[in-house]
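Novice: Enclosed is the structure file protein04.tsv (TSV, C-alpha atoms).
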chain	number	residue	atom	x	y	z
A	3	MET	CA	-45.42	14.10	182.54
A	4	ILE	CA	-43.55	17.29	181.64
A	5	GLU	CA	-40.66	15.25	180.24
A	6	MET	CA	-43.13	13.50	177.93
A	7	VAL	CA	-44.45	16.72	176.38
A	8	CYS	CA	-41.10	18.56	176.35
A	9	THR	CA	-38.37	16.18	175.22
A	10	ASN	CA	-34.84	17.15	174.18
A	11	ARG	CA	-35.04	20.70	175.52
A	12	PRO	CA	-31.65	21.49	177.08
A	13	GLU	CA	-32.87	24.58	178.96
A	14	GLY	CA	-34.91	22.36	181.31
A	15	PHE	CA	-38.57	21.98	182.17
A	16	GLY	CA	-39.16	24.65	184.80
A	17	PRO	CA	-40.20	28.28	184.27
A	18	LEU	CA	-36.60	29.56	184.18
A	19	SER	CA	-33.88	28.18	181.95
A	20	HIS	CA	-31.03	26.16	183.45
A	21	LEU	CA	-28.74	27.67	180.81
A	22	TYR	CA	-29.78	31.31	181.17
A	23	SER	CA	-31.46	32.30	184.42
A	24	HIS	CA	-33.03	35.43	182.88
A	25	MET	CA	-34.95	33.41	180.26
A	26	LEU	CA	-38.22	31.49	180.31
A	27	THR	CA	-37.96	27.94	179.02
A	28	SER	CA	-39.69	26.95	175.80
A	29	CYS	CA	-41.31	24.11	177.76
A	30	PHE	CA	-42.93	26.59	180.16
A	31	LEU	CA	-44.16	28.67	177.23
A	32	ASP	CA	-45.60	25.67	175.35
A	33	THR	CA	-47.20	23.93	178.33
A	34	ILE	CA	-48.28	26.82	180.58
A	35	LEU	CA	-48.26	30.31	179.08
A	36	VAL	CA	-49.74	29.77	175.59
A	37	PRO	CA	-52.32	27.12	176.68
A	38	LEU	CA	-53.33	29.39	179.57
A	39	CYS	CA	-55.28	31.47	177.04
A	40	THR	CA	-57.45	28.42	176.32
A	41	TRP	CA	-58.19	27.68	179.97
A	42	VAL	CA	-59.09	31.30	180.73
A	43	TYR	CA	-61.21	31.55	177.58
A	44	LEU	CA	-63.21	28.40	178.40
A	45	LEU	CA	-63.73	29.50	182.00
A	46	ALA	CA	-64.88	32.94	180.87
A	47	LEU	CA	-67.27	31.34	178.35
A	48	VAL	CA	-68.97	29.38	181.12
A	49	ILE	CA	-69.22	32.43	183.41
A	50	LEU	CA	-70.59	34.67	180.65
A	51	ALA	CA	-73.04	32.00	179.50
A	52	VAL	CA	-74.48	31.78	183.03
A	53	THR	CA	-74.58	35.58	183.28
A	54	GLY	CA	-76.24	35.90	179.88
A	55	THR	CA	-78.91	33.33	180.75
A	56	ARG	CA	-79.79	35.17	183.96
A	57	LEU	CA	-79.96	38.55	182.20
A	58	SER	CA	-82.17	37.10	179.45
A	59	THR	CA	-84.55	35.63	182.03
A	60	ARG	CA	-84.73	38.94	183.90
A	61	ALA	CA	-85.32	40.89	180.67
A	62	SER	CA	-88.13	38.54	179.60
A	63	HIS	CA	-89.89	39.04	182.95
A	64	GLN	CA	-89.61	42.82	182.65
A	65	SER	CA	-90.87	42.88	179.05
A	66	SER	CA	-93.95	40.88	180.05
A	67	ARG	CA	-95.10	43.67	182.38
A	68	PRO	CA	-97.71	46.09	180.98
A	69	SER	CA	-96.36	49.50	180.03
A	70	ASP	CA	-98.00	52.76	181.09
A	71	VAL	CA	-96.38	54.75	178.27
A	72	SER	CA	-98.81	56.05	175.70
A	73	HIS	CA	-97.82	55.82	172.06
A	74	TYR	CA	-98.78	58.55	169.65
A	75	PRO	CA	-98.77	57.87	165.91
A	76	ILE	CA	-96.35	59.87	163.76
A	77	HIS	CA	-97.83	60.82	160.42
A	78	LYS	CA	-95.54	60.89	157.39
A	79	THR	CA	-96.27	61.51	153.78
A	80	THR	CA	-95.82	58.74	151.22
A	81	GLU	CA	-92.92	60.66	149.68
A	82	ASP	CA	-91.10	60.96	153.02
A	83	VAL	CA	-91.52	57.26	153.71
A	84	GLU	CA	-90.20	56.32	150.25
A	85	ILE	CA	-87.09	58.53	150.60
A	86	VAL	CA	-86.27	57.08	154.00
A	87	ARG	CA	-86.82	53.53	152.69
A	88	LEU	CA	-84.49	54.04	149.72
A	89	GLU	CA	-81.73	55.67	151.79
A	90	THR	CA	-81.92	53.02	154.52
A	91	GLY	CA	-82.05	50.18	152.00
A	92	GLY	CA	-78.96	51.44	150.15
A	93	ARG	CA	-76.93	51.75	153.34
A	94	THR	CA	-78.10	48.34	154.54
A	95	ARG	CA	-77.07	46.58	151.31
A	96	ARG	CA	-73.63	48.21	151.30
A	97	HIS	CA	-73.16	47.37	154.96
A	98	ALA	CA	-74.24	43.74	154.39
A	99	LYS	CA	-71.80	43.26	151.49
A	100	THR	CA	-68.90	44.74	153.45
A	101	ARG	CA	-69.72	42.66	156.49
A	102	LYS	CA	-69.95	39.48	154.42
A	103	ALA	CA	-66.56	40.14	152.81
A	104	PHE	CA	-64.89	40.70	156.19
A	105	SER	CA	-66.66	37.65	157.65
A	106	ILE	CA	-65.22	35.44	154.90
A	107	LEU	CA	-61.80	36.94	155.55
A	108	TYR	CA	-62.22	36.26	159.28
A	109	TYR	CA	-62.84	32.55	158.77
A	110	LEU	CA	-60.01	32.30	156.26
A	111	PHE	CA	-57.63	33.69	158.89
A	112	VAL	CA	-58.95	31.16	161.43
A	113	PHE	CA	-58.28	28.37	158.93
A	114	ALA	CA	-54.81	29.77	158.19
A	115	GLN	CA	-54.03	29.86	161.92
A	116	ILE	CA	-55.12	26.26	162.34
A	117	CYS	CA	-52.73	25.33	159.52
A	118	MET	CA	-49.89	27.28	161.16
A	119	CYS	CA	-50.50	25.53	164.50
A	120	ILE	CA	-50.44	22.16	162.75
A	121	LEU	CA	-47.17	23.13	161.05
A	122	GLU	CA	-45.54	24.11	164.36
A	123	ILE	CA	-46.71	20.94	166.12
A	124	VAL	CA	-45.59	18.67	163.28
A	125	ARG	CA	-42.17	20.30	163.10
A	126	LEU	CA	-41.66	20.12	166.88
A	127	SER	CA	-42.66	16.46	166.80
A	128	TYR	CA	-40.39	15.77	163.83
A	129	ALA	CA	-37.48	17.35	165.73
A	130	ASP	CA	-38.37	15.15	168.73
A	131	ARG	CA	-38.69	18.18	171.02
A	132	GLY	CA	-42.17	17.48	172.31
A	133	ILE	CA	-45.28	19.48	171.46
A	134	GLY	CA	-46.17	20.70	174.96
A	135	LEU	CA	-49.86	21.45	175.32
A	136	LEU	CA	-50.02	23.41	172.08
A	137	PRO	CA	-52.82	21.23	170.60
A	138	PHE	CA	-55.21	22.88	173.06
A	139	THR	CA	-54.88	26.02	170.96
A	140	PHE	CA	-57.19	24.31	168.45
A	141	VAL	CA	-59.93	24.40	171.11
A	142	THR	CA	-59.66	28.19	171.25
A	143	LEU	CA	-59.52	28.63	167.48
A	144	ILE	CA	-62.51	26.41	166.75
A	145	GLY	CA	-64.44	27.54	169.83
A	146	ALA	CA	-63.99	31.25	169.13
A	147	ALA	CA	-64.97	30.75	165.48
A	148	MET	CA	-68.13	28.88	166.52
A	149	VAL	CA	-69.03	31.53	169.09
A	150	HIS	CA	-68.56	34.19	166.41
A	151	TYR	CA	-70.60	32.25	163.83
A	152	THR	CA	-73.50	31.65	166.23
A	153	GLN	CA	-73.36	35.21	167.57
A	154	GLY	CA	-72.65	33.90	171.04
A	155	LEU	CA	-75.26	31.15	170.57
A	156	GLU	CA	-77.68	33.91	169.63
A	157	GLY	CA	-77.04	36.10	172.64
A	158	MET	CA	-76.80	33.45	175.33
A	159	ILE	CA	-73.13	34.29	176.02
A	160	PHE	CA	-73.05	37.78	177.49
A	161	GLY	CA	-70.26	39.99	176.08
A	162	TRP	CA	-68.91	37.29	173.72
A	163	LYS	CA	-67.64	39.91	171.26
A	164	TYR	CA	-65.28	41.39	173.80
A	165	LEU	CA	-64.22	37.94	175.00
A	166	ASN	CA	-63.24	36.85	171.48
A	167	LEU	CA	-61.38	40.11	170.93
A	168	ALA	CA	-59.53	39.61	174.22
A	169	VAL	CA	-58.48	36.03	173.43
A	170	TRP	CA	-56.99	36.97	170.03
A	171	ILE	CA	-55.00	39.76	171.68
A	172	ALA	CA	-53.91	37.43	174.51
A	173	LEU	CA	-52.70	34.78	172.05
A	174	ALA	CA	-50.78	37.40	170.08
A	175	VAL	CA	-49.13	38.66	173.28
A	176	THR	CA	-48.21	35.21	174.63
A	177	ASN	CA	-46.72	34.19	171.30
A	178	GLY	CA	-44.91	37.53	171.25
A	179	VAL	CA	-43.31	36.57	174.56
A	180	LYS	CA	-42.31	33.29	172.96
A	181	VAL	CA	-40.56	35.05	170.08
A	182	ALA	CA	-38.85	37.46	172.49
A	183	GLU	CA	-37.43	34.56	174.49
A	184	GLU	CA	-36.26	32.85	171.30
A	185	ILE	CA	-34.47	36.04	170.26
A	186	LYS	CA	-32.68	36.05	173.62
A	187	GLU	CA	-31.75	32.41	173.12
A	188	GLY	CA	-30.22	33.14	169.73
A	189	THR	CA	-30.56	31.37	166.41
A	190	GLY	CA	-27.54	29.15	167.10
A	191	ALA	CA	-29.09	27.51	170.17
A	192	THR	CA	-30.57	24.61	168.21
A	193	LYS	CA	-28.08	24.56	165.38
A	194	GLY	CA	-28.31	21.32	163.44
A	195	SER	CA	-31.82	20.61	164.72
A	196	LYS	CA	-34.61	19.52	162.38
A	197	TYR	CA	-36.52	22.56	163.66
A	198	PRO	CA	-34.01	25.35	164.31
A	199	VAL	CA	-34.92	28.41	166.39
A	200	SER	CA	-34.77	30.66	163.32
A	201	ASP	CA	-37.53	28.65	161.63
A	202	GLU	CA	-39.62	28.55	164.80
A	203	MET	CA	-39.29	32.32	165.18
A	204	THR	CA	-40.52	32.78	161.62
A	205	ASP	CA	-43.51	30.46	162.13
A	206	VAL	CA	-44.54	32.03	165.44
A	207	SER	CA	-44.11	35.55	164.03
A	208	VAL	CA	-46.54	34.68	161.23
A	209	MET	CA	-48.96	33.36	163.84
A	210	ILE	CA	-48.72	36.63	165.79
A	211	GLY	CA	-49.62	38.52	162.62
A	212	VAL	CA	-52.63	36.28	162.01
A	213	TYR	CA	-53.82	36.72	165.61
A	214	GLY	CA	-53.47	40.46	165.14
A	215	MET	CA	-55.62	40.35	162.00
A	216	LEU	CA	-58.23	38.24	163.80
A	217	ALA	CA	-58.36	40.83	166.59
A	218	ILE	CA	-58.86	43.63	164.07
A	219	LEU	CA	-61.58	41.74	162.21
A	220	GLU	CA	-63.28	40.71	165.45
A	221	GLY	CA	-63.36	44.32	166.51
A	222	PHE	CA	-64.66	45.49	163.13
A	223	LEU	CA	-67.35	42.83	162.87
A	224	GLY	CA	-68.42	42.41	166.46
A	225	VAL	CA	-67.56	45.41	168.61
A	226	TRP	CA	-67.58	48.63	166.60
A	227	ARG	CA	-69.70	47.54	163.63
A	228	LYS	CA	-73.03	46.38	164.95
Could you quickly redo this structure as structure tokens?
Specialist:
Amino acid sequence: MIEMVCTNRPEGFGPLSHLYSHMLTSCFLDTILVPLCTWVYLLALVILAVTGTRLSTRASHQSSRPSDVSHYPIHKTTEDVEIVRLETGGRTRRHAKTRKAFSILYYLFVFAQICMCILEIVRLSYADRGIGLLPFTFVTLIGAAMVHYTQGLEGMIFGWKYLNLAVWIALAVTNGVKVAEEIKEGTGATKGSKYPVSDEMTDVSVMIGVYGMLAILEGFLGVWRK
């Protein structure tokens, strides 16, 4: 099975390279390390969805109980109410425009990352090196975008903002490991290949930058800016 997804890789198919014992193989990175982010993300989604459902049920039961707290009306003049309304409305409109602009940018970066993943997979396939389990990255990209768009299916997924932020950082880190191992391997390792290491390093480095931007935007839109 491993030979089918990692063809023509002289360093071997195990975690450590047969050529350089201090290096991780590209096959291990493409079939285990990078796709691991997808498996952990999906597992965490299920766990947080169950947790969120239980918390919502508990909160609904508590809110249905009668409250003993007395509420006293606060009297404000018409002028005070109008000033507060204008100030709040102005801040809300500015906030909404900024949020919309960053949201559009967020989805553009997701689309750009999907294109970069397609490029890497096509070039690996064209070089007859096997594509590993890299296509599973699309599951994370599309899934995280959908979770973000639906606001965690409208609150059903507990802590989805932090989960999305974590998966973008994890993907940036794992791809960073990939570039680091390619630097150790050297640009001459696949000299004459249809997809040389130098080109792969460039593509993956761009992907790391996009994951970094997604993490920043996720934090801005979902964690710090509420």
Novice: Counting all atoms listed in the file, which residues have an atom no more than 9 Å from (-56.6, 33.6, 159.2) in the file's coordinates? Please list them as a PyMOL selection string.
Specialist: chain A and resi 107-116+209+212-213+215-216
Novice: Put the listed atoms of stretch 94-101 of chain A in a box along x, y and z with 5 Å added on every side and give me the centre and edge lengths in Å to one decimal, as AutoDock Vina command-line options.
Specialist:
--center_x -73.5 --center_y 45.5 --center_z 153.9 --size_x 19.2 --size_y 15.7 --size_z 15.2
Novice: I need every residue sitting at most 12 Å from the point (-40.3, 33.8, 163.9) (coordinates as in the file, all atoms listed in the file considered), written as an NGL selection string.
Specialist: :A and (118 or 122 or 177-185 or 188-189 or 197-211)
Novice: Nearest to A:Cys119 among A:Phe222, A:Gly54, A:Asp32, A:Ala103, with distances taken over all atoms listed in the file: which residue is it?
Specialist: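 Selected residue with least distance to A:Cys119: A:Asp32.
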Novice: From the options A:Tyr128, A:Lys186, A:Cys39, A:Ala174, which residue's atoms come nearest to A:Gly214, counting all atoms listed in the file?
Specialist: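 For A:Gly214, the nearest of the candidates is A:Ala174.
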Novice: Need to verify the contact set: A:Leu35, 12 Å, all atoms listed in the file, exclusion of same-chain residues closer than 3 positions in sequence. Can you return it as a list in words?
Specialist: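 Contacts, with the query itself left out: Pro17, Leu26, Thr27, Ser28, Cys29, Phe30, Leu31, Asp32, Leu38, Cys39, Thr40, Trp41, Val42, Gly134, Leu135, Leu136, Phe138, Thr139, Ala172, Leu173, Ala174, Val175, Thr176, Asn177, Gly178, Val179 and Lys180 of chain A.
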Novice: Please measure the separation of atom CA of A:Lys196 and atom CA of A:Leu143, giving the value in Å to one decimal.
Specialist: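 Taking atom CA of A:Lys196 and atom CA of A:Leu143, their separation equals 27.0 Å.
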Novice: What does the distance between atom CA of A:Asn166 and atom CA of A:Thr55 come to in Å, to one decimal place?
Specialist: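 These atoms are spaced 18.5 Å apart.
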Novice: Ranking A:Val124, A:Cys117, A:Leu223, A:Ala129 by minimum distance to A:Gln153 and counting all atoms listed in the file, which one comes first?
Specialist: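 Looking only at the distances to A:Gln153, the closest residue turns out to be A:Leu223.
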Novice: Would you compute the distance between atom CA of A:Ile159 and atom CA of A:Leu50? Give it in Å to one decimal.
Specialist: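 It comes out at 5.3 Å.
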Novice: From the list A:His97, A:Arg131, A:Lys163, A:Lys102, which residue is nearest A:Thr9 when using all atoms listed in the file?
Specialist: A:Arg131
Novice: Using all atoms listed in the file, pick whichever of A:Ile133, A:Val7, A:Val36, A:Ala147 has the shortest atom-to-atom distance to A:Ser105.
Specialist: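 Looking only at the distances to A:Ser105, the closest residue turns out to be A:Ala147.
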Novice: Nearest residue to A:Ile218 out of A:Phe104, A:Phe140, A:Phe160, A:Tyr43, using all atoms listed in the file?
Specialist: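 Using all atoms listed in the file, the shortest distance to A:Ile218 belongs to A:Phe104.
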